[in-house]
Amino acid sequence: MSSPSHTGRRAAAASGGHDIELVPGRRELDPARANRLDKRWVTALAVLVPVLLVSFWQVAATARWIDVRFFPAPTQILADWRGLLDSGDYATHLGASAQRIALGYALGAAAGVLAGLLIGRARLVRKALEPTIVALYTVPKLAILPLLLLILGIGEASKLTLIAVTVFFIVLINTNGALEAVPTSHIEAGRSFGLDRIDMVRHIVLPAASPQIFVGLRIAAGMAVLALVGAEFVAAESGLGYLIWNSWNLGIPSYMYIGIVTISVLGVLANGLLRLAQRVCLPWDR
Amino acid sequence: MATAEPQACRSGSVHDTRPRIAVERVSRSFQSSTGEVVALADVDLTIPDGQFCCLVGPSGCGKTTLLRILAGLARPSSGRAVVRHDDPRRLAHSVVFQDYSVFPWKTVRQNVELPIRARGVSKREAAAAGREWLRRVGLVGFEDSWPAQLSGGMRQRVAIARAFACDPEMLLMDEPLAALDAQMRLLLQEQLLALSQEEAKTVVFVTHSIEEAILLGDRIVVMGARPGRVIADIEIPFPRPRSPAQVRKEELFGELHEYIWSLVRGQVEDQLRLDKATS
């Protein structure tokens with residue numbers, strides 16, 4: 001017997017060797033301890049893996065196993081980052097990007113949810129607009145950047161609009177889908193209590209749809225970063241996208257890495273923020 | 001109503017003798033891929049004010065369809081139904097559904113208060129009414145729980161409290177206890193009986209359970225299927241206030257049960273034969 005002898009019943013001795021013995025394992029005997037160990041391991045692994053990867057990179061660069069013209073050592077990147085920080089350039093780029101994405105995202109998300117609710121509650125309007133919305137949604141938003149530049153000029157407006165439009169369609173389509181998925185039983189319960197149109201949306205449709213709407217908001221955050229970087233590559237004098245693009249012209253690859261890592265941190269932060277918002281806004285949804 | 005006493009104590013408004021519900025030749029059919037299904041055919045039904053009326057019948061007899069028409073959630077294909085509405089400040093009716101109608105994003109308290117607040121009642125009054133009704137269904141201490149944290153029986157008690165708390169003129173219940181386990185069901189039957197006797201409201205109660213209908217109702221309308229129609233209309237003679245234990249002991253209880261089951265049984269057997277013939 002492989003499991004500790006005190007853990008469970010032994011199969012009847014008289015029967016043959018194929019009996020299945022059902023005994024509690026380590027997890028069942030002390031679930032609290034098992035969970036604690038699990039948690040510790042998960043945290044340790046989550047930290048350890050990236051640390052190991054970066055250390056390996058450092059060793060490889062120092063030993064010249066890899067070409068440091070393309071893959072500068074992490075310590076080198078860190079030193080260049082400090083330089084950018086001290087000159088104030090880093091703050092400028094980060095601030096420009098953060099402002100663009102925050103404003104553009106807020107505009108697009110608010111408009112998307114609002115339009116989704118309005119369209120979703122009116123069947124005829126929805127049927128009329130659906131094909132058009134799907135067609136517009138499919139257009140890669142970067143493709144309309146030249147048009148936006150033409151209309152709005154090279155200033156902030158064109159970049160904000162690009163991000164907002166990107167976010168708008170994703171949020172709109174997800175909001176619409178969410179409304180369609182609201183259980184009829186909840187709608188009918190609301191109707192039977194005589195709720196008016198506004199109360200209906202406020203108390204029933206919006207909360208019922210909100211988990212799905214949040215999914216759209218999270219997907220849209222990722223796409224917003226994409227639109228931001230795309231716009232800053234070609235039509236900006238500041239921002240993290242500009243920093244990355246320009247470092248190619250300058251021949252300073254470590255700036256690229258600084259830009260890339262900053263953007264990815266920005267993305268992780270945005271995602272975490274949205275998750276937190278979801279948990280605060282929807283405490284009933286687990 | 002045969003017995004004298006309940007007549008007096010259960011009538012909501014003394015002066016108005018119009019029935020609470022008048023259903024006249026109501027039919028309802030649905031289009032399905034295989035053709036037209038007649039859920040209700042020429043149903044006539046009059047329910048006086050203050051009556052607890054149970055609709056009993058096999059699946060597909062249209063009892064839920066009839067309730068949904070009374071609730072305004074579906075319309076008749078032909079005929080007309082009139083539901084009395086005395087006071088425009090109150091709801092004409094509120095509905096208790098079988099399950100899944102308690103809003104998961106609202107706490108127990110918020111669920112119960114929503115229909116009260118929707119009528120424009122002040123926050124304070126709504127809170128007081130909500131508290132009172134949660135006490136009456138035995139949910140004290142769970143006011144701030146999410147429905148997801150409650151058992152099925154507790155959730156259904158929230159639904160019942162919510163329906164009563166907004167003080168509608170009539171209650172429509174669509175198999176409110178069907179999703180519960182047997183013991184919880186017995187318990188809630190007792191609670192519902194007590195509540196309906198205290199409140200003296202008209203109740204239309206759809207159920208599969210003949211026993212439940214006899215325990216709770218003043219009257220049982222037995223419905224038949226294909227097409228859905230009324231096949232018997234039976235007055236329950238047990239006086240109020242009554243208790244389940246009392247009623248179960250009556251000799252008449254067994255006889256009534258047997259009689260109604262013989263009616264329903266014929267319907268169910270027909271259905272089996274039909275199913276066999278079509279398959």
# chains A, B, ... in the order shown; residues from 1 in each chain; ligands from 1
$ residues_around --residues "stretch 159-173 of chain B" --least-positions-apart "2" --cutoff "9 Å" --atoms "only C-alpha atoms" --output "PyMOL selection string"
(chain A and resi 193) or (chain B and resi 12+20+49-50+67-68+70-71+84-87+90-99+101-102+111-117+119+126+129-130+132-134+136-137+154-157+175-176+192+195+199+201-207)
$ write_last_selection --atoms "C-alpha atoms" --output "PDB file, in the first residue's frame"
ATOM      1  CA  PHE A 193     -43.063  44.320 -11.189  1.00  0.00           C
TER       2      PHE A 193
ATOM      3  CA  GLY B  12     -60.383  42.387  -0.192  1.00  0.00           C
ATOM      4  CA  ARG B  20     -60.770  39.791  -9.760  1.00  0.00           C
ATOM      5  CA  ASP B  49     -61.755  38.661  -5.340  1.00  0.00           C
ATOM      6  CA  GLY B  50     -59.857  37.094  -2.482  1.00  0.00           C
ATOM      7  CA  LEU B  67     -50.833  32.581 -15.978  1.00  0.00           C
ATOM      8  CA  ARG B  68     -48.475  34.407 -18.333  1.00  0.00           C
ATOM      9  CA  LEU B  70     -52.878  37.100 -16.762  1.00  0.00           C
ATOM     10  CA  ALA B  71     -49.460  38.532 -15.885  1.00  0.00           C
ATOM     11  CA  ARG B  84     -59.243  44.024 -12.045  1.00  0.00           C
ATOM     12  CA  HIS B  85     -56.999  46.876 -10.939  1.00  0.00           C
ATOM     13  CA  ASP B  86     -58.545  48.991  -8.186  1.00  0.00           C
ATOM     14  CA  ASP B  87     -55.776  51.286  -7.060  1.00  0.00           C
ATOM     15  CA  ARG B  90     -50.517  49.631  -6.367  1.00  0.00           C
ATOM     16  CA  LEU B  91     -49.468  46.892  -8.752  1.00  0.00           C
ATOM     17  CA  ALA B  92     -52.369  44.889 -10.187  1.00  0.00           C
ATOM     18  CA  HIS B  93     -50.330  41.757  -9.611  1.00  0.00           C
ATOM     19  CA  SER B  94     -46.856  40.483  -8.917  1.00  0.00           C
ATOM     20  CA  VAL B  95     -45.452  37.186 -10.076  1.00  0.00           C
ATOM     21  CA  VAL B  96     -43.449  34.471  -8.361  1.00  0.00           C
ATOM     22  CA  PHE B  97     -41.652  32.406 -10.984  1.00  0.00           C
ATOM     23  CA  GLN B  98     -40.437  28.853 -10.681  1.00  0.00           C
ATOM     24  CA  ASP B  99     -36.797  29.791 -10.308  1.00  0.00           C
ATOM     25  CA  SER B 101     -36.025  35.262 -11.109  1.00  0.00           C
ATOM     26  CA  VAL B 102     -34.195  36.562  -8.038  1.00  0.00           C
ATOM     27  CA  ASN B 111     -34.228  42.329  -4.359  1.00  0.00           C
ATOM     28  CA  VAL B 112     -37.183  42.733  -2.051  1.00  0.00           C
ATOM     29  CA  GLU B 113     -37.052  46.535  -2.082  1.00  0.00           C
ATOM     30  CA  LEU B 114     -36.789  46.957  -5.853  1.00  0.00           C
ATOM     31  CA  PRO B 115     -40.488  46.566  -6.758  1.00  0.00           C
ATOM     32  CA  ILE B 116     -41.493  48.699  -3.782  1.00  0.00           C
ATOM     33  CA  ARG B 117     -39.112  51.474  -4.780  1.00  0.00           C
ATOM     34  CA  ARG B 119     -43.666  52.330  -7.247  1.00  0.00           C
ATOM     35  CA  ALA B 126     -39.456  50.485   1.351  1.00  0.00           C
ATOM     36  CA  ALA B 129     -41.614  46.870   4.331  1.00  0.00           C
ATOM     37  CA  GLY B 130     -38.673  44.840   3.096  1.00  0.00           C
ATOM     38  CA  GLU B 132     -40.931  43.115   7.714  1.00  0.00           C
ATOM     39  CA  TRP B 133     -41.377  40.664   4.839  1.00  0.00           C
ATOM     40  CA  LEU B 134     -37.945  39.156   5.194  1.00  0.00           C
ATOM     41  CA  ARG B 136     -42.088  36.903   7.856  1.00  0.00           C
ATOM     42  CA  VAL B 137     -40.397  34.442   5.516  1.00  0.00           C
ATOM     43  CA  MET B 154     -33.981  30.523   0.692  1.00  0.00           C
ATOM     44  CA  ARG B 155     -33.831  32.061  -2.773  1.00  0.00           C
ATOM     45  CA  GLN B 156     -37.438  31.110  -3.387  1.00  0.00           C
ATOM     46  CA  ARG B 157     -38.377  32.654  -0.045  1.00  0.00           C
ATOM     47  CA  GLU B 175     -44.917  26.528  -9.692  1.00  0.00           C
ATOM     48  CA  PRO B 176     -42.987  28.496  -7.094  1.00  0.00           C
ATOM     49  CA  LEU B 192     -47.357  30.138   1.938  1.00  0.00           C
ATOM     50  CA  LEU B 195     -49.112  34.110   4.499  1.00  0.00           C
ATOM     51  CA  GLU B 199     -53.064  38.629   3.576  1.00  0.00           C
ATOM     52  CA  LYS B 201     -55.257  38.428  -1.454  1.00  0.00           C
ATOM     53  CA  THR B 202     -56.410  36.802  -4.653  1.00  0.00           C
ATOM     54  CA  VAL B 203     -53.847  34.176  -5.634  1.00  0.00           C
ATOM     55  CA  VAL B 204     -53.569  32.236  -8.865  1.00  0.00           C
ATOM     56  CA  PHE B 205     -51.292  29.317  -8.201  1.00  0.00           C
ATOM     57  CA  VAL B 206     -49.995  26.964 -10.889  1.00  0.00           C
ATOM     58  CA  THR B 207     -48.753  23.613  -9.626  1.00  0.00           C
TER      59      THR B 207
END
$ closest_atom_pairs --of "chain A" --to "chain B" --cutoff "12 Å" --atoms "only C-alpha atoms" --output "tab-separated table"
residue	atom	partner	partner_atom	distance
A:Val182	CA	B:Phe103	CA	11.4
A:Pro183	CA	B:Tyr100	CA	8.7
A:Thr184	CA	B:Ser101	CA	9.1
A:Ser185	CA	B:Ser101	CA	5.6
A:His186	CA	B:Ser101	CA	5.3
A:Ile187	CA	B:Ser101	CA	8.6
A:Glu188	CA	B:Leu73	CA	7.0
A:Ala189	CA	B:Ser101	CA	6.0
A:Gly190	CA	B:Pro115	CA	8.2
A:Arg191	CA	B:Leu73	CA	7.9
A:Ser192	CA	B:Ser94	CA	5.9
A:Phe193	CA	B:Pro115	CA	5.6
A:Gly194	CA	B:Leu91	CA	7.3
A:Leu195	CA	B:Ala118	CA	6.0
A:Asp196	CA	B:Ala118	CA	8.0
A:Arg197	CA	B:Ala118	CA	11.1
A:Ile198	CA	B:Ala118	CA	10.5
A:Asp199	CA	B:Ala118	CA	7.5
A:Met200	CA	B:Ala118	CA	9.8
A:Arg202	CA	B:Leu114	CA	11.2
A:His203	CA	B:Leu114	CA	8.2
A:Ile204	CA	B:Phe103	CA	7.7
A:Val205	CA	B:Phe103	CA	10.6
A:Leu206	CA	B:Trp105	CA	10.2
A:Pro207	CA	B:Trp105	CA	6.5
A:Ala208	CA	B:Trp105	CA	7.3
A:Ala209	CA	B:Trp105	CA	10.5
A:Ser210	CA	B:Trp105	CA	9.9
A:Pro211	CA	B:Trp105	CA	10.4
A:Cys281	CA	B:Trp105	CA	9.9
A:Leu282	CA	B:Trp105	CA	7.1
A:Pro283	CA	B:Trp105	CA	7.6
A:Trp284	CA	B:Trp105	CA	5.1
A:Asp285	CA	B:Trp105	CA	7.1
A:Arg286	CA	B:Ala148	CA	8.9
$ closest_residue --among "A:Gly230, A:Pro31, A:Gly259, A:Pro253" --to "A:Ala143" --atoms "only C-alpha atoms"
A:Gly230
$ residues_around --residues "B:Pro241" --least-positions-apart "5" --cutoff "9 Å" --atoms "only C-alpha atoms" --output "MDAnalysis selection string"
chainID B and resid 6 193:194 197:198
$ select_by_dssp --residues "stretch 91-136 of chain B" --states "alpha helix (DSSP H)" --output "JSON, numbers by chain"
{"B": [108, 109, 110, 111, 112, 113, 114, 115, 116, 117, 118, 123, 124, 125, 126, 127, 128, 129, 130, 131, 132, 133, 134, 135, 136]}
$ atom_distance --atom1 "atom CA of B:Leu180" --atom2 "atom CA of B:Gly152"
6.5 Å
$ closest_atom_pairs --of "stretch 20-75 of chain B" --to "stretch 248-268 of chain B" --cutoff "12 Å" --atoms "only C-alpha atoms" --output "Markdown table"
| residue | atom | partner | partner_atom | distance |
| --- | --- | --- | --- | --- |
| B:Leu55 | CA | B:Ile260 | CA | 11.7 |
| B:Val56 | CA | B:Val264 | CA | 8.2 |
| B:Gly57 | CA | B:Val264 | CA | 6.0 |
| B:Pro58 | CA | B:Val268 | CA | 6.2 |
| B:Ser59 | CA | B:Val268 | CA | 8.3 |
| B:Gly60 | CA | B:Val268 | CA | 10.0 |
| B:Cys61 | CA | B:Gln267 | CA | 9.1 |
$ atom_distance --atom1 "atom CA of B:Ala74" --atom2 "atom CA of B:Arg229"
17.1 Å
$ closest_residue --among "B:Cys54, B:Ala277, B:Glu269, B:Leu186" --to "B:Ile234" --atoms "only C-alpha atoms"
B:Cys54
$ closest_residue --among "B:Val83, B:Val221, B:Val158, B:Val140" --to "B:Lys63" --atoms "only C-alpha atoms"
B:Val221
$ select_by_dssp --residues "stretch 31-225 of chain B" --states "strand (DSSP E)" --output "ChimeraX atom specification"
/B:31-32,35-47,52-56,78-83,94-96,170-174,202-207,219-224
$ write_last_selection --atoms "C-alpha atoms" --output "PDB file, in the first residue's frame"
ATOM      1  CA  GLN B  31     -46.309  28.379 -34.378  1.00  0.00           C
ATOM      2  CA  SER B  32     -43.796  25.581 -34.258  1.00  0.00           C
ATOM      3  CA  GLY B  35     -47.284  23.330 -37.352  1.00  0.00           C
ATOM      4  CA  GLU B  36     -49.611  25.108 -35.011  1.00  0.00           C
ATOM      5  CA  VAL B  37     -49.756  24.110 -31.352  1.00  0.00           C
ATOM      6  CA  VAL B  38     -52.863  25.112 -29.471  1.00  0.00           C
ATOM      7  CA  ALA B  39     -51.774  25.832 -25.913  1.00  0.00           C
ATOM      8  CA  LEU B  40     -55.153  27.135 -24.800  1.00  0.00           C
ATOM      9  CA  ALA B  41     -58.524  26.623 -26.450  1.00  0.00           C
ATOM     10  CA  ASP B  42     -61.573  28.632 -25.475  1.00  0.00           C
ATOM     11  CA  VAL B  43     -60.904  28.914 -21.782  1.00  0.00           C
ATOM     12  CA  ASP B  44     -63.538  30.568 -19.601  1.00  0.00           C
ATOM     13  CA  LEU B  45     -62.647  31.275 -16.010  1.00  0.00           C
ATOM     14  CA  THR B  46     -63.923  33.692 -13.411  1.00  0.00           C
ATOM     15  CA  ILE B  47     -61.995  34.188 -10.203  1.00  0.00           C
ATOM     16  CA  PHE B  52     -56.908  31.249  -3.766  1.00  0.00           C
ATOM     17  CA  CYS B  53     -57.288  29.474  -7.083  1.00  0.00           C
ATOM     18  CA  CYS B  54     -55.010  26.610  -8.097  1.00  0.00           C
ATOM     19  CA  LEU B  55     -54.446  25.570 -11.701  1.00  0.00           C
ATOM     20  CA  VAL B  56     -53.559  21.884 -11.919  1.00  0.00           C
ATOM     21  CA  SER B  78     -58.254  35.304 -29.364  1.00  0.00           C
ATOM     22  CA  GLY B  79     -60.793  36.020 -26.644  1.00  0.00           C
ATOM     23  CA  ARG B  80     -60.206  38.399 -23.760  1.00  0.00           C
ATOM     24  CA  ALA B  81     -59.149  38.387 -20.153  1.00  0.00           C
ATOM     25  CA  VAL B  82     -59.871  41.169 -17.700  1.00  0.00           C
ATOM     26  CA  VAL B  83     -57.805  41.622 -14.552  1.00  0.00           C
ATOM     27  CA  SER B  94     -46.856  40.483  -8.917  1.00  0.00           C
ATOM     28  CA  VAL B  95     -45.452  37.186 -10.076  1.00  0.00           C
ATOM     29  CA  VAL B  96     -43.449  34.471  -8.361  1.00  0.00           C
ATOM     30  CA  MET B 170     -53.154  39.887  -6.629  1.00  0.00           C
ATOM     31  CA  LEU B 171     -50.419  37.259  -6.666  1.00  0.00           C
ATOM     32  CA  LEU B 172     -49.613  35.043  -9.606  1.00  0.00           C
ATOM     33  CA  MET B 173     -47.439  32.049  -8.804  1.00  0.00           C
ATOM     34  CA  ASP B 174     -46.010  29.731 -11.430  1.00  0.00           C
ATOM     35  CA  THR B 202     -56.410  36.802  -4.653  1.00  0.00           C
ATOM     36  CA  VAL B 203     -53.847  34.176  -5.634  1.00  0.00           C
ATOM     37  CA  VAL B 204     -53.569  32.236  -8.865  1.00  0.00           C
ATOM     38  CA  PHE B 205     -51.292  29.317  -8.201  1.00  0.00           C
ATOM     39  CA  VAL B 206     -49.995  26.964 -10.889  1.00  0.00           C
ATOM     40  CA  THR B 207     -48.753  23.613  -9.626  1.00  0.00           C
ATOM     41  CA  ARG B 219     -60.658  26.094  -5.572  1.00  0.00           C
ATOM     42  CA  ILE B 220     -58.902  23.840  -8.028  1.00  0.00           C
ATOM     43  CA  VAL B 221     -59.225  24.281 -11.757  1.00  0.00           C
ATOM     44  CA  VAL B 222     -58.122  21.079 -13.481  1.00  0.00           C
ATOM     45  CA  MET B 223     -56.831  21.570 -16.981  1.00  0.00           C
ATOM     46  CA  GLY B 224     -56.406  19.087 -19.832  1.00  0.00           C
TER      47      GLY B 224
END
$ residues_around --residues "A:Asn174" --least-positions-apart "4" --cutoff "7 Å" --atoms "only C-alpha atoms" --output "VMD selection string"
chain A and resid 170 178 212 to 213 216
$ write_last_selection --atoms "C-alpha atoms" --output "mmCIF file, in the first residue's frame"
data_model
loop_
_atom_site.group_PDB
_atom_site.id
_atom_site.type_symbol
_atom_site.label_atom_id
_atom_site.label_comp_id
_atom_site.auth_asym_id
_atom_site.auth_seq_id
_atom_site.Cartn_x
_atom_site.Cartn_y
_atom_site.Cartn_z
ATOM 1 C CA ILE A 170 -15.195 46.117 -29.569
ATOM 2 C CA ALA A 178 -24.347 40.754 -23.580
ATOM 3 C CA GLN A 212 -19.998 40.233 -20.492
ATOM 4 C CA ILE A 213 -19.531 43.972 -21.020
ATOM 5 C CA GLY A 216 -15.364 43.530 -23.960
#
